[in-house]
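Asker: So I've got this file, final15.pdb, and it contains PDB, C-alpha atoms:
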```pdb
ATOM      1  CA  MET X 185      -6.123 -53.776  34.785
ATOM      2  CA  ARG X 186      -8.499 -54.937  32.057
ATOM      3  CA  VAL X 187     -10.019 -52.433  29.598
ATOM      4  CA  SER X 188     -13.324 -53.156  27.838
ATOM      5  CA  LEU X 189     -15.272 -51.302  25.164
ATOM      6  CA  ASP X 190     -18.839 -52.479  24.690
ATOM      7  CA  HIS X 191     -20.745 -51.448  21.542
ATOM      8  CA  VAL X 192     -19.159 -47.981  21.402
ATOM      9  CA  THR X 193     -20.371 -45.503  18.769
ATOM     10  CA  ILE X 194     -18.759 -42.074  18.379
ATOM     11  CA  SER X 195     -19.901 -39.261  16.089
ATOM     12  CA  LEU X 196     -17.747 -36.399  14.829
ATOM     13  CA  GLY X 197     -19.239 -33.450  13.004
ATOM     14  CA  GLY X 198     -22.668 -35.026  13.125
ATOM     15  CA  ARG X 199     -21.740 -38.309  11.460
ATOM     16  CA  PRO X 200     -20.829 -41.675  13.028
ATOM     17  CA  PHE X 201     -17.071 -42.191  13.004
ATOM     18  CA  VAL X 202     -16.759 -45.291  15.212
ATOM     19  CA  HIS X 203     -19.526 -47.823  14.701
ATOM     20  CA  ASP X 204     -20.825 -50.180  17.412
ATOM     21  CA  LEU X 205     -17.275 -51.232  18.308
ATOM     22  CA  SER X 206     -16.386 -53.722  21.037
ATOM     23  CA  LEU X 207     -12.973 -54.899  22.202
ATOM     24  CA  GLU X 208     -11.305 -56.396  25.255
ATOM     25  CA  VAL X 209      -7.760 -55.689  26.471
ATOM     26  CA  GLU X 210      -6.386 -58.110  29.024
ATOM     27  CA  GLN X 211      -4.565 -56.917  32.132
ATOM     28  CA  GLY X 212      -0.845 -56.415  31.605
ATOM     29  CA  SER X 213      -0.926 -56.787  27.826
ATOM     30  CA  PHE X 214       0.796 -54.579  25.251
ATOM     31  CA  VAL X 215      -1.877 -53.828  22.662
ATOM     32  CA  ALA X 216      -1.368 -51.878  19.437
ATOM     33  CA  ILE X 217      -4.232 -50.254  17.558
ATOM     34  CA  VAL X 218      -3.401 -49.740  13.882
ATOM     35  CA  GLY X 219      -5.279 -48.560  10.825
ATOM     36  CA  PRO X 220      -5.018 -46.177   7.882
ATOM     37  CA  ASN X 221      -5.410 -42.427   8.329
ATOM     38  CA  GLY X 222      -8.979 -41.507   9.247
ATOM     39  CA  SER X 223      -9.895 -45.028  10.320
ATOM     40  CA  GLY X 224     -10.907 -44.016  13.856
ATOM     41  CA  LYS X 225      -8.006 -45.364  15.893
ATOM     42  CA  SER X 226      -7.048 -42.083  17.611
ATOM     43  CA  THR X 227     -10.730 -41.235  18.054
ATOM     44  CA  LEU X 228     -11.133 -44.515  19.885
ATOM     45  CA  LEU X 229      -8.201 -43.784  22.178
ATOM     46  CA  ARG X 230      -9.514 -40.277  22.907
ATOM     47  CA  ALA X 231     -12.780 -41.815  24.065
ATOM     48  CA  MET X 232     -10.836 -44.139  26.375
ATOM     49  CA  TYR X 233      -9.272 -41.166  28.146
ATOM     50  CA  ARG X 234     -12.525 -39.155  28.064
ATOM     51  CA  ALA X 235     -11.512 -36.431  25.627
ATOM     52  CA  LEU X 236     -14.545 -37.588  23.617
ATOM     53  CA  GLN X 237     -17.896 -38.804  24.869
ATOM     54  CA  PRO X 238     -19.351 -41.809  23.016
ATOM     55  CA  ASP X 239     -22.878 -41.507  21.654
ATOM     56  CA  ALA X 240     -23.577 -45.055  22.763
ATOM     57  CA  GLY X 241     -21.886 -47.937  24.536
ATOM     58  CA  SER X 242     -19.590 -48.068  27.541
ATOM     59  CA  ILE X 243     -15.860 -47.966  28.269
ATOM     60  CA  LEU X 244     -14.724 -49.793  31.386
ATOM     61  CA  ILE X 245     -11.398 -49.913  33.200
ATOM     62  CA  GLY X 246     -11.685 -52.947  35.383
ATOM     63  CA  ASP X 247     -15.347 -52.853  36.381
ATOM     64  CA  ILE X 248     -15.601 -49.041  36.392
ATOM     65  CA  ASP X 249     -17.410 -47.155  33.636
ATOM     66  CA  VAL X 250     -15.127 -44.168  33.011
ATOM     67  CA  SER X 251     -18.070 -41.930  32.096
ATOM     68  CA  THR X 252     -19.439 -42.188  35.643
ATOM     69  CA  ILE X 253     -16.396 -41.026  37.618
ATOM     70  CA  THR X 254     -14.621 -37.733  38.289
ATOM     71  CA  PRO X 255     -11.567 -36.667  36.261
ATOM     72  CA  ARG X 256      -9.450 -37.117  39.380
ATOM     73  CA  HIS X 257     -10.646 -40.703  39.804
ATOM     74  CA  ALA X 258     -10.083 -41.365  36.099
ATOM     75  CA  ALA X 259      -6.514 -40.072  36.413
ATOM     76  CA  ARG X 260      -5.827 -42.732  39.025
ATOM     77  CA  LEU X 261      -6.934 -45.420  36.588
ATOM     78  CA  ARG X 262      -5.209 -44.400  33.349
ATOM     79  CA  ALA X 263      -2.285 -42.246  32.309
ATOM     80  CA  VAL X 264      -2.089 -40.703  28.849
ATOM     81  CA  VAL X 265       0.637 -39.615  26.446
ATOM     82  CA  THR X 266      -1.022 -37.741  23.583
ATOM     83  CA  GLN X 267       0.369 -36.682  20.194
ATOM     84  CA  HIS X 268       0.392 -32.962  20.903
ATOM     85  CA  GLN X 269       1.772 -31.749  24.213
ATOM     86  CA  THR X 270       2.059 -28.081  25.117
ATOM     87  CA  SER X 271       4.093 -26.630  27.927
ATOM     88  CA  ASN X 272       4.842 -23.259  29.434
ATOM     89  CA  ASP X 273       8.270 -21.965  28.386
ATOM     90  CA  SER X 274       9.381 -21.677  31.987
ATOM     91  CA  LEU X 275       8.596 -25.226  33.103
ATOM     92  CA  LEU X 276      11.463 -27.415  34.190
ATOM     93  CA  VAL X 277      11.340 -31.168  33.650
ATOM     94  CA  ARG X 278      10.803 -31.588  37.396
ATOM     95  CA  ASP X 279       7.655 -29.420  37.109
ATOM     96  CA  VAL X 280       6.326 -31.500  34.206
ATOM     97  CA  ILE X 281       6.919 -34.761  36.085
ATOM     98  CA  ALA X 282       5.278 -33.360  39.216
ATOM     99  CA  THR X 283       1.949 -32.959  37.389
ATOM    100  CA  GLY X 284       1.782 -36.743  37.226
ATOM    101  CA  ARG X 285       1.304 -36.860  40.992
ATOM    102  CA  HIS X 286      -1.638 -34.430  41.207
ATOM    103  CA  ALA X 287      -4.275 -37.162  41.105
ATOM    104  CA  HIS X 288      -2.839 -38.619  44.319
ATOM    105  CA  GLN X 289      -2.474 -35.371  46.275
ATOM    106  CA  ARG X 290      -4.887 -33.287  48.252
ATOM    107  CA  TRP X 291      -5.572 -29.847  46.824
ATOM    108  CA  PHE X 292      -2.617 -27.476  47.343
ATOM    109  CA  ALA X 293      -0.619 -30.247  49.018
ATOM    110  CA  VAL X 294       3.171 -30.032  48.968
ATOM    111  CA  GLU X 295       4.959 -32.935  47.311
ATOM    112  CA  SER X 296       5.732 -35.622  49.834
ATOM    113  CA  ALA X 297       8.924 -37.650  50.076
ATOM    114  CA  ALA X 298       6.967 -40.561  48.598
ATOM    115  CA  ASP X 299       5.909 -38.386  45.624
ATOM    116  CA  ARG X 300       9.501 -37.353  44.985
ATOM    117  CA  GLU X 301      10.717 -40.940  45.137
ATOM    118  CA  ILE X 302       8.089 -42.083  42.618
ATOM    119  CA  MET X 303       9.074 -39.207  40.336
ATOM    120  CA  ARG X 304      12.768 -40.096  40.636
ATOM    121  CA  LEU X 305      12.166 -43.760  39.878
ATOM    122  CA  SER X 306       9.970 -42.894  36.897
ATOM    123  CA  LEU X 307      12.668 -40.677  35.405
ATOM    124  CA  GLU X 308      15.318 -43.333  35.990
ATOM    125  CA  LYS X 309      13.116 -45.978  34.371
ATOM    126  CA  CYS X 310      12.896 -43.797  31.260
ATOM    127  CA  GLY X 311      16.589 -42.906  31.206
ATOM    128  CA  ALA X 312      15.777 -39.255  31.841
ATOM    129  CA  ALA X 313      17.064 -38.577  35.366
ATOM    130  CA  HIS X 314      19.807 -36.312  33.993
ATOM    131  CA  LEU X 315      17.156 -34.026  32.494
ATOM    132  CA  LEU X 316      15.518 -33.112  35.801
ATOM    133  CA  ASP X 317      16.625 -29.458  35.874
ATOM    134  CA  ARG X 318      16.421 -28.800  32.139
ATOM    135  CA  ARG X 319      13.693 -26.607  30.669
ATOM    136  CA  TYR X 320      11.209 -28.872  28.939
ATOM    137  CA  LEU X 321      11.063 -26.843  25.723
ATOM    138  CA  THR X 322      14.857 -27.081  25.271
ATOM    139  CA  LEU X 323      14.693 -30.886  24.958
ATOM    140  CA  SER X 324      14.897 -32.896  21.758
ATOM    141  CA  GLY X 325      11.857 -34.833  20.555
ATOM    142  CA  GLY X 326      13.180 -38.099  21.955
ATOM    143  CA  GLU X 327      14.004 -36.503  25.310
ATOM    144  CA  ARG X 328      10.531 -34.966  25.521
ATOM    145  CA  GLN X 329       8.894 -38.335  24.886
ATOM    146  CA  ARG X 330      10.998 -39.899  27.655
ATOM    147  CA  VAL X 331       9.898 -37.137  30.036
ATOM    148  CA  LEU X 332       6.232 -37.491  29.073
ATOM    149  CA  LEU X 333       6.403 -41.249  29.550
ATOM    150  CA  ALA X 334       8.072 -40.691  32.935
ATOM    151  CA  ARG X 335       5.255 -38.316  33.887
ATOM    152  CA  ALA X 336       2.699 -40.964  32.905
ATOM    153  CA  LEU X 337       4.523 -43.589  34.976
ATOM    154  CA  ALA X 338       4.684 -41.197  37.934
ATOM    155  CA  GLN X 339       0.904 -41.020  37.762
ATOM    156  CA  ASP X 340       0.994 -44.607  39.059
ATOM    157  CA  ALA X 341      -2.103 -45.695  37.110
ATOM    158  CA  PRO X 342      -2.611 -49.332  36.045
ATOM    159  CA  VAL X 343      -3.437 -48.450  32.409
ATOM    160  CA  LEU X 344      -1.203 -46.499  30.020
ATOM    161  CA  LEU X 345      -2.650 -44.979  26.814
ATOM    162  CA  LEU X 346      -0.364 -43.586  24.105
ATOM    163  CA  ASP X 347      -1.344 -41.949  20.812
ATOM    164  CA  GLU X 348       1.326 -42.425  18.121
ATOM    165  CA  PRO X 349       4.236 -41.927  20.541
ATOM    166  CA  THR X 350       6.917 -42.537  17.878
ATOM    167  CA  ASN X 351       5.764 -39.672  15.636
ATOM    168  CA  HIS X 352       8.505 -37.113  14.894
ATOM    169  CA  LEU X 353      11.195 -39.230  16.570
ATOM    170  CA  ASP X 354      14.398 -40.328  14.873
ATOM    171  CA  VAL X 355      14.921 -44.039  14.370
ATOM    172  CA  ARG X 356      17.035 -44.561  17.517
ATOM    173  CA  ALA X 357      14.519 -42.709  19.686
ATOM    174  CA  GLN X 358      11.691 -44.828  18.244
ATOM    175  CA  HIS X 359      13.454 -48.066  19.154
ATOM    176  CA  ASP X 360      14.345 -46.776  22.625
ATOM    177  CA  LEU X 361      10.776 -45.712  23.380
ATOM    178  CA  LEU X 362       9.227 -48.980  22.232
ATOM    179  CA  ALA X 363      11.776 -50.958  24.249
ATOM    180  CA  LEU X 364      10.798 -48.911  27.319
ATOM    181  CA  LEU X 365       7.131 -49.661  26.709
ATOM    182  CA  GLU X 366       7.855 -53.384  26.442
ATOM    183  CA  ASP X 367       9.520 -53.254  29.844
ATOM    184  CA  VAL X 368       6.636 -51.526  31.661
ATOM    185  CA  ASP X 369       4.436 -53.740  33.841
ATOM    186  CA  LEU X 370       1.121 -52.072  32.991
ATOM    187  CA  THR X 371      -1.758 -52.552  30.588
ATOM    188  CA  ARG X 372      -0.504 -50.618  27.543
ATOM    189  CA  ILE X 373      -2.742 -49.506  24.675
ATOM    190  CA  VAL X 374      -0.803 -47.760  21.921
ATOM    191  CA  VAL X 375      -1.983 -46.266  18.633
ATOM    192  CA  LEU X 376       0.739 -46.822  16.019
ATOM    193  CA  HIS X 377       1.175 -45.956  12.352
ATOM    194  CA  ASP X 378       4.158 -48.225  11.796
ATOM    195  CA  LEU X 379       2.955 -51.793  11.216
ATOM    196  CA  ASP X 380       6.454 -53.205  11.683
ATOM    197  CA  HIS X 381       6.711 -51.598  15.128
ATOM    198  CA  ALA X 382       3.348 -53.088  16.055
ATOM    199  CA  LEU X 383       4.438 -56.509  14.796
ATOM    200  CA  ALA X 384       7.749 -56.436  16.637
ATOM    201  CA  HIS X 385       6.614 -55.116  20.004
ATOM    202  CA  ALA X 386       2.891 -55.693  20.677
ATOM    203  CA  ASP X 387       1.466 -58.960  21.924
ATOM    204  CA  HIS X 388      -2.026 -58.213  20.578
ATOM    205  CA  LEU X 389      -3.226 -56.169  17.631
ATOM    206  CA  PHE X 390      -6.508 -54.470  16.741
ATOM    207  CA  VAL X 391      -6.857 -53.335  13.127
ATOM    208  CA  VAL X 392      -9.384 -50.502  12.813
ATOM    209  CA  HIS X 393     -10.869 -49.780   9.398
ATOM    210  CA  GLU X 394     -13.701 -47.355   8.673
ATOM    211  CA  GLY X 395     -14.592 -47.139  12.363
ATOM    212  CA  ARG X 396     -14.834 -50.881  12.947
ATOM    213  CA  ILE X 397     -12.517 -53.648  14.126
ATOM    214  CA  ARG X 398     -11.449 -55.385  10.937
ATOM    215  CA  ALA X 399      -9.196 -57.973  12.630
ATOM    216  CA  SER X 400      -7.644 -58.741  16.013
ATOM    217  CA  GLY X 401      -5.225 -61.220  17.492
ATOM    218  CA  HIS X 402      -1.494 -61.878  17.630
ATOM    219  CA  PRO X 403       0.260 -59.520  15.188
ATOM    220  CA  VAL X 404       1.921 -62.335  13.218
ATOM    221  CA  GLN X 405      -1.457 -63.965  12.626
ATOM    222  CA  VAL X 406      -3.300 -60.704  11.870
ATOM    223  CA  LEU X 407      -0.924 -58.937   9.490
ATOM    224  CA  THR X 408      -1.399 -61.194   6.506
ATOM    225  CA  SER X 409      -0.674 -60.015   2.984
ATOM    226  CA  GLY X 410      -4.399 -60.154   2.207
ATOM    227  CA  LEU X 411      -5.283 -57.916   5.140
ATOM    228  CA  THR X 412      -2.587 -55.324   4.474
ATOM    229  CA  GLU X 413      -3.649 -55.110   0.836
ATOM    230  CA  GLU X 414      -7.334 -54.761   1.724
ATOM    231  CA  VAL X 415      -6.942 -52.272   4.596
ATOM    232  CA  PHE X 416      -3.689 -50.429   3.862
ATOM    233  CA  GLY X 417      -3.456 -50.795   0.087
ATOM    234  CA  CYS X 418      -0.037 -52.448  -0.006
ATOM    235  CA  ARG X 419       1.463 -55.898  -0.373
ATOM    236  CA  SER X 420       3.382 -57.301   2.587
ATOM    237  CA  ALA X 421       5.385 -60.243   3.849
ATOM    238  CA  ILE X 422       6.672 -61.202   7.284
ATOM    239  CA  ILE X 423      10.295 -62.324   7.434
ATOM    240  CA  GLU X 424      12.847 -62.831  10.197
ATOM    241  CA  HIS X 425      14.720 -59.616  10.900
ATOM    242  CA  PRO X 426      18.376 -60.272  10.017
ATOM    243  CA  LEU X 427      19.664 -58.257  13.002
ATOM    244  CA  THR X 428      17.186 -58.995  15.801
ATOM    245  CA  GLY X 429      15.634 -62.328  14.816
ATOM    246  CA  ARG X 430      12.184 -60.849  15.453
ATOM    247  CA  PRO X 431       9.353 -60.952  12.918
ATOM    248  CA  HIS X 432       9.787 -58.104  10.449
ATOM    249  CA  LEU X 433       7.121 -56.725   8.097
ATOM    250  CA  ILE X 434       8.181 -55.580   4.649
ATOM    251  CA  THR X 435       5.804 -53.808   2.263
ATOM    252  CA  ALA X 436       5.590 -52.868  -1.398
ATOM    253  CA  PRO X 437       3.042 -51.121  -3.608
ATOM    254  CA  VAL X 438       0.236 -53.189  -5.095
ATOM    255  CA  VAL X 439       1.036 -54.138  -8.695
ATOM    256  CA  ARG X 440      -1.742 -52.960 -11.022
TER     257      ARG X 440
END
```
With the file now loaded, output its structure as structure tokens.
Answerer:
Amino acid sequence: MRVSLDHVTISLGGRPFVHDLSLEVEQGSFVAIVGPNGSGKSTLLRAMYRALQPDAGSILIGDIDVSTITPRHAARLRAVVTQHQTSNDSLLVRDVIATGRHAHQRWFAVESAADREIMRLSLEKCGAAHLLDRRYLTLSGGERQRVLLARALAQDAPVLLLDEPTNHLDVRAQHDLLALLEDVDLTRIVVLHDLDHALAHADHLFVVHEGRIRASGHPVQVLTSGLTEEVFGCRSAIIEHPLTGRPHLITAPVVR
């Protein structure tokens, strides 16, 4: 499903943080939002999943303005994996995954066979079926991210929003997670710090700088040396990765 932001302005602490920003995400695309710390990229994502209310402008999923619908309706349209997830010590993985089905159930309804099958398939898709009866807080960082992604997939929403999902993961877990995201048939909007990950995996890139879209387009075309120096303060070059054959971004400090 398509996602559109139209002239969105967001204030934090009484000052504008995102300024009159518009963007369009096509259905089924894998979009990365990148930018330096404090640029507004996570703020933008939080507005998309209604953790923040814009001061002006509109955010649409398909043709629906998300500010006009109930949280339950919104949960049927987009699933979210945030940076900071808390969980009760006693929760099993099966309990965490089950919360992804709440938007589709009547109040106090018992999980149906269809719910359980969707949960099972979501865990299998994420390579986490063997974790079903583990306590969530006993899992490694990579295992937790697989479970949280499985919960989001179990939500069965057409749009998936993720805020820096590779943070705190070891290098293998980062690659595994991004490969999973590439293989998901949804509209995916992901905030990333790592420019090389964005280059290698996303099919469209938005560069946010000082609360505005500085550049957008295919990552290879966007991540020029001039842009990375201006926005991120480093030199860069795109080469062919010697192991994967994919485009690979290398960086170095600016020579003064």
Asker: From the list X:His257, X:His286, X:Arg319, X:Val438, which residue is nearest X:Ser274 when using all atoms listed in the file?
Answerer: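 So, comparing all the options, the nearest one is X:Arg319.
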Asker: For X:Arg328, list every protein, DNA or RNA residue within 12 Å, evaluated using all atoms listed in the file, and leave out those in the same chain fewer than 2 positions away; present the list as a PyMOL selection string.
Answerer: chain X and resi 265+267-271+276-277+280-281+307+310-312+315-316+318-326+330-335+349-353+357+361
Asker: For the selection you just gave me, I'd like the residues written to a file as a PDB file, in the frame of the given file, keeping C-alpha atoms.
Answerer:
```pdb
ATOM      1  CA  VAL X 265       0.637 -39.615  26.446  1.00  0.00           C
ATOM      2  CA  GLN X 267       0.369 -36.682  20.194  1.00  0.00           C
ATOM      3  CA  HIS X 268       0.392 -32.962  20.903  1.00  0.00           C
ATOM      4  CA  GLN X 269       1.772 -31.749  24.213  1.00  0.00           C
ATOM      5  CA  THR X 270       2.059 -28.081  25.117  1.00  0.00           C
ATOM      6  CA  SER X 271       4.093 -26.630  27.927  1.00  0.00           C
ATOM      7  CA  LEU X 276      11.463 -27.415  34.190  1.00  0.00           C
ATOM      8  CA  VAL X 277      11.340 -31.168  33.650  1.00  0.00           C
ATOM      9  CA  VAL X 280       6.326 -31.500  34.206  1.00  0.00           C
ATOM     10  CA  ILE X 281       6.919 -34.761  36.085  1.00  0.00           C
ATOM     11  CA  LEU X 307      12.668 -40.677  35.405  1.00  0.00           C
ATOM     12  CA  CYS X 310      12.896 -43.797  31.260  1.00  0.00           C
ATOM     13  CA  GLY X 311      16.589 -42.906  31.206  1.00  0.00           C
ATOM     14  CA  ALA X 312      15.777 -39.255  31.841  1.00  0.00           C
ATOM     15  CA  LEU X 315      17.156 -34.026  32.494  1.00  0.00           C
ATOM     16  CA  LEU X 316      15.518 -33.112  35.801  1.00  0.00           C
ATOM     17  CA  ARG X 318      16.421 -28.800  32.139  1.00  0.00           C
ATOM     18  CA  ARG X 319      13.693 -26.607  30.669  1.00  0.00           C
ATOM     19  CA  TYR X 320      11.209 -28.872  28.939  1.00  0.00           C
ATOM     20  CA  LEU X 321      11.063 -26.843  25.723  1.00  0.00           C
ATOM     21  CA  THR X 322      14.857 -27.081  25.271  1.00  0.00           C
ATOM     22  CA  LEU X 323      14.693 -30.886  24.958  1.00  0.00           C
ATOM     23  CA  SER X 324      14.897 -32.896  21.758  1.00  0.00           C
ATOM     24  CA  GLY X 325      11.857 -34.833  20.555  1.00  0.00           C
ATOM     25  CA  GLY X 326      13.180 -38.099  21.955  1.00  0.00           C
ATOM     26  CA  ARG X 330      10.998 -39.899  27.655  1.00  0.00           C
ATOM     27  CA  VAL X 331       9.898 -37.137  30.036  1.00  0.00           C
ATOM     28  CA  LEU X 332       6.232 -37.491  29.073  1.00  0.00           C
ATOM     29  CA  LEU X 333       6.403 -41.249  29.550  1.00  0.00           C
ATOM     30  CA  ALA X 334       8.072 -40.691  32.935  1.00  0.00           C
ATOM     31  CA  ARG X 335       5.255 -38.316  33.887  1.00  0.00           C
ATOM     32  CA  PRO X 349       4.236 -41.927  20.541  1.00  0.00           C
ATOM     33  CA  THR X 350       6.917 -42.537  17.878  1.00  0.00           C
ATOM     34  CA  ASN X 351       5.764 -39.672  15.636  1.00  0.00           C
ATOM     35  CA  HIS X 352       8.505 -37.113  14.894  1.00  0.00           C
ATOM     36  CA  LEU X 353      11.195 -39.230  16.570  1.00  0.00           C
ATOM     37  CA  ALA X 357      14.519 -42.709  19.686  1.00  0.00           C
ATOM     38  CA  LEU X 361      10.776 -45.712  23.380  1.00  0.00           C
TER      39      LEU X 361
END
```
Asker: Would you work out the distance separating atom CA of X:Val187 from atom CA of X:Leu346, expressed in Å to one decimal?
Answerer: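 Straight-line distance from atom CA of X:Val187 to atom CA of X:Leu346 works out to 14.2 Å.
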Asker: What are the closest atom pairs, with distances in Å to one decimal, for each residue of stretch 386-418 of chain X lying within 10 Å of stretch 214-227 of chain X, using all atoms listed in the file, rows by chain and rising residue number, as a Markdown table?
Answerer:
```
| residue | atom | partner | partner_atom | distance |
| --- | --- | --- | --- | --- |
| X:Ala386 | CA | X:Phe214 | CA | 5.2 |
| X:Asp387 | CA | X:Phe214 | CA | 5.5 |
| X:His388 | CA | X:Val215 | CA | 4.9 |
| X:Leu389 | CA | X:Ala216 | CA | 5.0 |
| X:Phe390 | CA | X:Ile217 | CA | 4.9 |
| X:Val391 | CA | X:Val218 | CA | 5.0 |
| X:Val392 | CA | X:Gly219 | CA | 5.0 |
| X:His393 | CA | X:Ser223 | CA | 4.9 |
| X:Glu394 | CA | X:Ser223 | CA | 4.8 |
| X:Gly395 | CA | X:Gly224 | CA | 5.1 |
| X:Arg396 | CA | X:Gly224 | CA | 8.0 |
| X:Ile397 | CA | X:Gly219 | CA | 9.4 |
| X:Arg398 | CA | X:Gly219 | CA | 9.2 |
| X:Ser400 | CA | X:Ile217 | CA | 9.3 |
| X:Gly401 | CA | X:Val215 | CA | 9.6 |
| X:His402 | CA | X:Val215 | CA | 9.5 |
| X:Pro403 | CA | X:Ala216 | CA | 8.9 |
| X:Thr412 | CA | X:Gly219 | CA | 9.7 |
| X:Val415 | CA | X:Pro220 | CA | 7.2 |
| X:Phe416 | CA | X:Pro220 | CA | 6.0 |
| X:Gly417 | CA | X:Pro220 | CA | 9.2 |
```
Asker: Would you compute the distance between atom CA of X:Val404 and atom CA of X:Met185? Give it in Å to one decimal.
Answerer: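 Answer for the atom CA of X:Val404 to atom CA of X:Met185 separation: 24.6 Å.
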Asker: Tell me which of X:His381, X:Arg256, X:Arg440, X:His191 sits closest to X:Val355, counting only C-alpha atoms.
Answerer: X:His381
Asker: Quick one, how far is atom CA of X:Gln358 from atom CA of X:His432?
Answerer: 15.5 Å
Asker: Considering only C-alpha atoms, can you say which of X:Arg419, X:Arg186, X:His425, X:Arg300 comes closest to X:Asp249?
Answerer: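 Ranked by minimum distance to X:Asp249, first place goes to X:Arg186.
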Asker: Rank X:Leu365, X:Leu383, X:Leu433, X:Ala336 by their smallest atom-to-atom distance to X:Ala263, using all atoms listed in the file, and report the top residue only.
Answerer: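 Selected residue with least distance to X:Ala263: X:Ala336.
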Asker: Written as a PyMOL selection string, what is the full residue list that the PyMOL selection byres ((chain X and resi 194) around 8) yields on the file shown?
Answerer: chain X and resi 192-193+195-196+200-203+237-240
Asker: So, with only C-alpha atoms as the atoms that count, which of X:Val439, X:Ile302, X:Leu362, X:Ala231 lies closest to X:Gln339?
Answerer: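 Looking at the shortest contact to X:Gln339, the residue is X:Ile302.
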